[in-house]
Structures are given as C-alpha cells and as structure tokens.
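J.: Attaching a single structure in structure tokens format; questions to follow.
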Amino acid sequence: MSSAPAKSRWYVCFNPKKQARQRMFCFPHAAGSPATFGQWPAKLSTDVEVWGVHLPGRGNRLIDPLIDRLQPLVAALGEAIIPFLEKPFVFYGHSMGTLVSFELARWLRRHNYPQPAHLFVSSRAAPHVPSSRKPLHRLPDAELIEELSQFNGTPKEILENPELMQLILPAIRADFAALETCVYTPDAPFSFPITVFGSFEDPDVSADDLGSWCEHTVGSCVVRMLPGDHFFIQTAQGSLLGMIQQELGRLFAGVR
C-alpha cells in the first residue's frame with residue numbers, strides 16, 4: 001500500500017520510512033511535544049516508523065486554538081489519524097498521553113476504524129482510577145510553575161524564563177484541564193494486549209495503579225518496572241526502547 005501523507009498538523013513523522021512494516025504513534029505528557037520522542041527512530045529498528053502527536057499551543061502550532069476538554073481533543077486526533085491507518089500500528093502514551101491514546105483507541109473502535117495492535121502506556125493509573133492529585137489547571141501562574149518543577153519533566157531553564165512561560169502556560173493549562181475535567185465512561189475491554197511501564201521512584205503512580213490497566217483488555221497485560229522517577233522515559237530510555245522493540249518484533253513477526 002502507499003505510504004501515509006508526509007505532513008500533518010497533528011502528527012509528526014521524525015524519519016519517514018516507506019518500507020516500514022508498522023507505525024508507532026507516541027502521545028506525550030501534559031505540556032509535552034513531539035520532541036519527547038525525537039530520538040526514538042534511531043533507537044528502534046527500520047521496520048518501525050515513529051510518529052509524535054503534536055497538540056495545539058506548542059512549537060509551530062503555538063497560535064492554533066487550544067482544546068481544553070478531552071473528548072473534542074480525541075475527536076480531532078481521530079479525524080486526523082484516519083489517513084495514516086493503512087499499515088499496522090501501535091500506540092505509546094506517557095502520563096497524560098496514556099489517557100489520550102486510550103480514548104483514541106476507543107474512538108476508533110466506535111467509528112469502525114482499525115485498532116492498534118498493541119497499547120503501550122507509562123506513568124499513569126488506568127482511566128477508571130480516580131486521580132489523587134489536586135487540580136492544577138486553575139492555579140495562579142506561580143503555583144502552577146512550582147508544581148511543574150516537582151515533576152522534573154520541564155527543563156529548569158524554561159521554568160525560570162518568564163517570557164517563555166507566558167507563551168506556553170496556556171497550553172499547559174489546557175492539557176491539565178482536559179485531564180482534570182474528563183469523566184470516565186465504562187466500555188468493553190480491548191482485545192489487543194497492553195504493556196504498562198512504570199518506575200520504582202514515581203511518588204504518584206503505584207504498582208497497583210499500573211496493574212489497574214489490566215482491566216481494560218481481554219488480551220495479555222504485562223507491567224514492567226524501570227529505574228527512575230515519573231520521567232524515566234528520558235533517563236531509562238535505552239531500556240524502555242529495548243523492551244518495546246522486543247515486543248514489536250514478536251507482534252509483527254512475519255508481517256510484510
């Protein structure tokens with residue numbers, strides 16, 4: 001089949017590979033960008049074409065209208081991903097991205113589009129588990145920035161740059177609002193497998209939280225732990241991608 005379009009407002013391909021047998025769509029954390037996954041193509045096999053999800057309010061989408069509710073965001077991502085589904089694909093979501101990727105898979109199922117062959121999620125409890133964190137999206141700027149500093153996901157030089165923070169805070173608030181106002185709706189579990197990644201030192205996500213994802217599939221569900229905190233995807237990236245590559249190799253063995 002022909003390859004997907006080379007450009008999209010919502011999805012960024014870091015290294016287009018016409019001969020790739022599979023695509024991996026990667027959904028970043030709140031306030032994250034496709035750059036989170038920019039190094040991944042070089043560390044995965046040539047069979048995997050990596051696409052990063054690009055939400056409004058960041059990068060070259062800085063002036064695009066923000067979406068601060070989950071369902072409209074998922075619908076927009078769903079409409080945009082349709083041209084890219086002619087090859088087998090998987091989803092990877094980190095933190096906020098786990099919820100977005102989960103709801104997008106349910107959106108595809110409701111609209112009778114192809115499903116991901118596998119869902120990889122990390123650093124977040126399953127959607128049906130209530131969050132124990134206080135809401136952040138209505139905090140004053142200074143308090144919100146202080147909370148962000150506790151996550152270790154935003155570089156210190158960015159947090160300490162007032163001009164830059166004023167540019168990106170609206171997108172950060174929109175992300176947290178989408179997370180914090182969504183209401184989980186029960187539905188049938190998926191048939192595809194789920195792999196859950198967590199870290200030993202994440203103070204907000206317990207082993208039980210990670211195991212809760214197994215309620216959302218009738219297929220296999222495996223929890224894998226890695227060293228590091230909430231953002232182990234940066235500090236333990238090599239180990240993480242090795243595990244993902246191993247799973248993709250088993251999943252797509254013999255696919256041409």
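Ligands are numbered from 1 in the order shown, residues from 1 within each chain, and chains are lettered A, B, ... in the order they appear in the structure tokens.
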Applying 8 Å and only C-alpha atoms, which residues near Val50 of chain A remain after dropping the ones on its own chain fewer than 3 positions away? List them as a VMD selection string.
T.: chain A and resid 13 to 15 23 to 26 40 to 41
J.: DSSP on the backbone: what in segment 86-197 of chain A comes out alpha helix (DSSP H), as a count of residues only?
T.: 50
J.: Would you kindly return, as a PDB file with C-alpha atoms, in the first residue's frame, each protein, DNA or RNA residue with an atom no farther than 12 Å from any atom of Leu70 of chain A, considering only C-alpha atoms and excluding same-chain residues fewer than 4 positions away?
T.:
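That gives us part_13.pdb:
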```pdb
ATOM      1  CA  LEU A  55      -1.093  19.225  20.142  1.00  0.00           C
ATOM      2  CA  LEU A  66      -6.317  25.307  22.319  1.00  0.00           C
ATOM      3  CA  VAL A  74      -9.686  12.929  20.915  1.00  0.00           C
ATOM      4  CA  ALA A  75     -12.173  13.560  18.099  1.00  0.00           C
ATOM      5  CA  ALA A  76      -9.732  15.941  16.400  1.00  0.00           C
ATOM      6  CA  LEU A  77      -6.915  13.418  16.732  1.00  0.00           C
ATOM      7  CA  MET A  96      -1.419  12.357  30.031  1.00  0.00           C
ATOM      8  CA  GLY A  97      -0.669  10.573  26.763  1.00  0.00           C
ATOM      9  CA  LEU A  99      -5.382   8.677  28.645  1.00  0.00           C
ATOM     10  CA  VAL A 100      -5.403  10.337  25.220  1.00  0.00           C
ATOM     11  CA  SER A 101      -4.178   7.189  23.453  1.00  0.00           C
ATOM     12  CA  PHE A 102      -6.660   5.018  25.369  1.00  0.00           C
ATOM     13  CA  GLU A 103      -9.595   7.244  24.450  1.00  0.00           C
ATOM     14  CA  LEU A 104      -8.426   7.480  20.845  1.00  0.00           C
ATOM     15  CA  TRP A 107     -12.907   6.400  19.394  1.00  0.00           C
ATOM     16  CA  ALA A 174      -5.419  23.362  28.519  1.00  0.00           C
ATOM     17  CA  ASP A 175      -3.690  19.981  28.899  1.00  0.00           C
ATOM     18  CA  PHE A 176      -4.358  19.794  32.610  1.00  0.00           C
ATOM     19  CA  ALA A 177      -7.943  20.976  32.144  1.00  0.00           C
ATOM     20  CA  ALA A 178      -8.552  18.193  29.609  1.00  0.00           C
ATOM     21  CA  LEU A 179      -7.229  15.667  32.118  1.00  0.00           C
ATOM     22  CA  GLU A 180      -8.875  17.043  35.219  1.00  0.00           C
ATOM     23  CA  THR A 181     -12.381  17.602  33.828  1.00  0.00           C
ATOM     24  CA  CYS A 182     -12.803  14.316  31.972  1.00  0.00           C
ATOM     25  CA  VAL A 183     -15.279  11.789  33.298  1.00  0.00           C
ATOM     26  CA  TYR A 184     -14.519   8.116  32.704  1.00  0.00           C
TER      27      TYR A 184
END
```
J.: Please provide the set of residues having any atom within 8 Å of His118 of chain A, restricted to only C-alpha atoms, with same-chain residues fewer than 5 positions apart removed, written as a list in words.
T.: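 What passes the distance filter is Phe89, Val90, Phe91, Phe192, Pro193, Ile194 and Thr195 of chain A.
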J.: If we count only C-alpha atoms and set the cut-off at 10 Å, which residues sit around segment 215-220 of chain A, ignoring sequence neighbours fewer than 2 positions away in its own chain? Please answer as a PyMOL selection string.
T.: chain A and resi 102+118-119+126-128+186-195+211-213+222
J.: Please produce, as a Markdown table, a per-residue contact table for segment 51-131 of chain A versus segment 141-158 of chain A (criterion: any atom at most 12 Å away, only C-alpha atoms considered), showing the nearest atom pair and its distance in Å to one decimal, sorted by chain then residue number.
T.:
```
| residue | atom | partner | partner_atom | distance |
| --- | --- | --- | --- | --- |
| A:His94 | CA | A:Gly153 | CA | 11.5 |
| A:Ser95 | CA | A:Gly153 | CA | 10.9 |
| A:Ser123 | CA | A:Phe151 | CA | 11.5 |
```
J.: Using only C-alpha atoms, pick whichever of A:Arg69, A:Arg61, A:His29, A:Lys87 has the shortest atom-to-atom distance to Glu49 of chain A.
T.: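 The answer is A:Lys87, which sits nearest to Glu49 of chain A.
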J.: I'd like the contact shell of Leu85 of chain A - 10 Å cut-off, only C-alpha atoms, skipping same-chain residues fewer than 4 positions apart - returned as number ranges by chain.
T.: A: 3-4, 22-23, 81, 89, 113-116
J.: Pull N, CA and C atoms from the residues just selected and write them as a PDB file, in the first residue's frame.
T.:
```pdb
ATOM      1  N   SER A   3       2.340   4.889   1.158  1.00  0.00           N
ATOM      2  CA  SER A   3       2.640   5.428   2.472  1.00  0.00           C
ATOM      3  C   SER A   3       1.688   6.567   2.798  1.00  0.00           C
ATOM      4  N   ALA A   4       1.610   6.903   4.109  1.00  0.00           N
ATOM      5  CA  ALA A   4       0.718   7.965   4.552  1.00  0.00           C
ATOM      6  C   ALA A   4       1.262   9.322   4.130  1.00  0.00           C
ATOM      7  N   GLN A  22       5.353  -1.140  10.186  1.00  0.00           N
ATOM      8  CA  GLN A  22       4.449  -0.747  11.265  1.00  0.00           C
ATOM      9  C   GLN A  22       4.707   0.704  11.660  1.00  0.00           C
ATOM     10  N   ARG A  23       3.713   1.329  12.234  1.00  0.00           N
ATOM     11  CA  ARG A  23       3.838   2.688  12.744  1.00  0.00           C
ATOM     12  C   ARG A  23       3.594   2.680  14.256  1.00  0.00           C
ATOM     13  N   ILE A  81      -6.012  11.114  12.182  1.00  0.00           N
ATOM     14  CA  ILE A  81      -5.196   9.900  12.067  1.00  0.00           C
ATOM     15  C   ILE A  81      -5.699   8.948  10.983  1.00  0.00           C
ATOM     16  N   PHE A  89      -0.371  -0.632  13.275  1.00  0.00           N
ATOM     17  CA  PHE A  89       0.142   0.430  14.125  1.00  0.00           C
ATOM     18  C   PHE A  89      -0.062   0.103  15.593  1.00  0.00           C
ATOM     19  N   TYR A 113     -13.019   1.967  12.733  1.00  0.00           N
ATOM     20  CA  TYR A 113     -11.715   2.086  12.090  1.00  0.00           C
ATOM     21  C   TYR A 113     -10.776   1.029  12.658  1.00  0.00           C
ATOM     22  N   PRO A 114      -9.641   0.783  12.004  1.00  0.00           N
ATOM     23  CA  PRO A 114      -8.678  -0.191  12.538  1.00  0.00           C
ATOM     24  C   PRO A 114      -8.245   0.147  13.958  1.00  0.00           C
ATOM     25  N   GLN A 115      -7.956  -0.885  14.721  1.00  0.00           N
ATOM     26  CA  GLN A 115      -7.489  -0.731  16.095  1.00  0.00           C
ATOM     27  C   GLN A 115      -5.974  -0.882  16.159  1.00  0.00           C
ATOM     28  N   PRO A 116      -5.347  -0.270  17.159  1.00  0.00           N
ATOM     29  CA  PRO A 116      -3.919  -0.536  17.349  1.00  0.00           C
ATOM     30  C   PRO A 116      -3.691  -2.014  17.647  1.00  0.00           C
TER      31      PRO A 116
END
```
J.: Considering only C-alpha atoms, return as a PyMOL selection string whatever protein or nucleic-acid residues lie within 9 Å of Thr46 of chain A, sequence-local ones (same chain, fewer than 3 positions apart) excluded.
T.: chain A and resi 17+19-21+41-42+49
J.: With N, CA and C atoms kept, could you save the residues just selected as a PDB file, in the first residue's frame?
T.:
```
ATOM      1  N   LYS A  17       9.777   6.311   6.679  1.00  0.00           N
ATOM      2  CA  LYS A  17      10.358   5.065   6.179  1.00  0.00           C
ATOM      3  C   LYS A  17       9.306   4.352   5.323  1.00  0.00           C
ATOM      4  N   GLN A  19       9.413   1.746   3.657  1.00  0.00           N
ATOM      5  CA  GLN A  19       9.402   0.286   3.763  1.00  0.00           C
ATOM      6  C   GLN A  19       9.058  -0.209   5.170  1.00  0.00           C
ATOM      7  N   ALA A  20       8.776   0.705   6.091  1.00  0.00           N
ATOM      8  CA  ALA A  20       8.431   0.282   7.455  1.00  0.00           C
ATOM      9  C   ALA A  20       7.183  -0.577   7.443  1.00  0.00           C
ATOM     10  N   ARG A  21       7.182  -1.613   8.254  1.00  0.00           N
ATOM     11  CA  ARG A  21       6.037  -2.515   8.316  1.00  0.00           C
ATOM     12  C   ARG A  21       4.991  -2.069   9.320  1.00  0.00           C
ATOM     13  N   PRO A  41      13.363   7.082  16.719  1.00  0.00           N
ATOM     14  CA  PRO A  41      13.554   6.363  15.458  1.00  0.00           C
ATOM     15  C   PRO A  41      14.951   5.761  15.309  1.00  0.00           C
ATOM     16  N   ALA A  42      15.962   6.465  15.784  1.00  0.00           N
ATOM     17  CA  ALA A  42      17.335   5.974  15.652  1.00  0.00           C
ATOM     18  C   ALA A  42      17.608   4.783  16.556  1.00  0.00           C
ATOM     19  N   GLU A  49       8.140   2.993  12.038  1.00  0.00           N
ATOM     20  CA  GLU A  49       8.068   4.407  11.700  1.00  0.00           C
ATOM     21  C   GLU A  49       7.412   5.136  12.872  1.00  0.00           C
TER      22      GLU A  49
END
```
J.: Pick from A:Arg173, A:Thr36, A:Gly59, A:Thr185: nearest to Arg106 of chain A, with only C-alpha atoms counted?
T.: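 Result for the nearest residue to Arg106 of chain A: A:Thr185.
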J.: Could you give me, as number ranges by chain, each residue of segment 146-240 of chain A that DSSP assigns to strand (DSSP E) when run on this structure's backbone?
T.: A: 194-199, 221-226
J.: Identify which of the residues A:Pro203, A:Phe37, A:Val53, A:Gln234 lies closest to Arg133 of chain A, counting only C-alpha atoms when measuring atom-to-atom distances.
T.: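 Of A:Pro203, A:Phe37, A:Val53, A:Gln234, the one nearest Arg133 of chain A is A:Pro203, counting only C-alpha atoms.
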J.: Looking at A:Pro83, A:Gly57, A:Pro28, A:Pro88, which one is nearest to Ile233 of chain A, with distances taken over only C-alpha atoms?
T.: A:Pro28
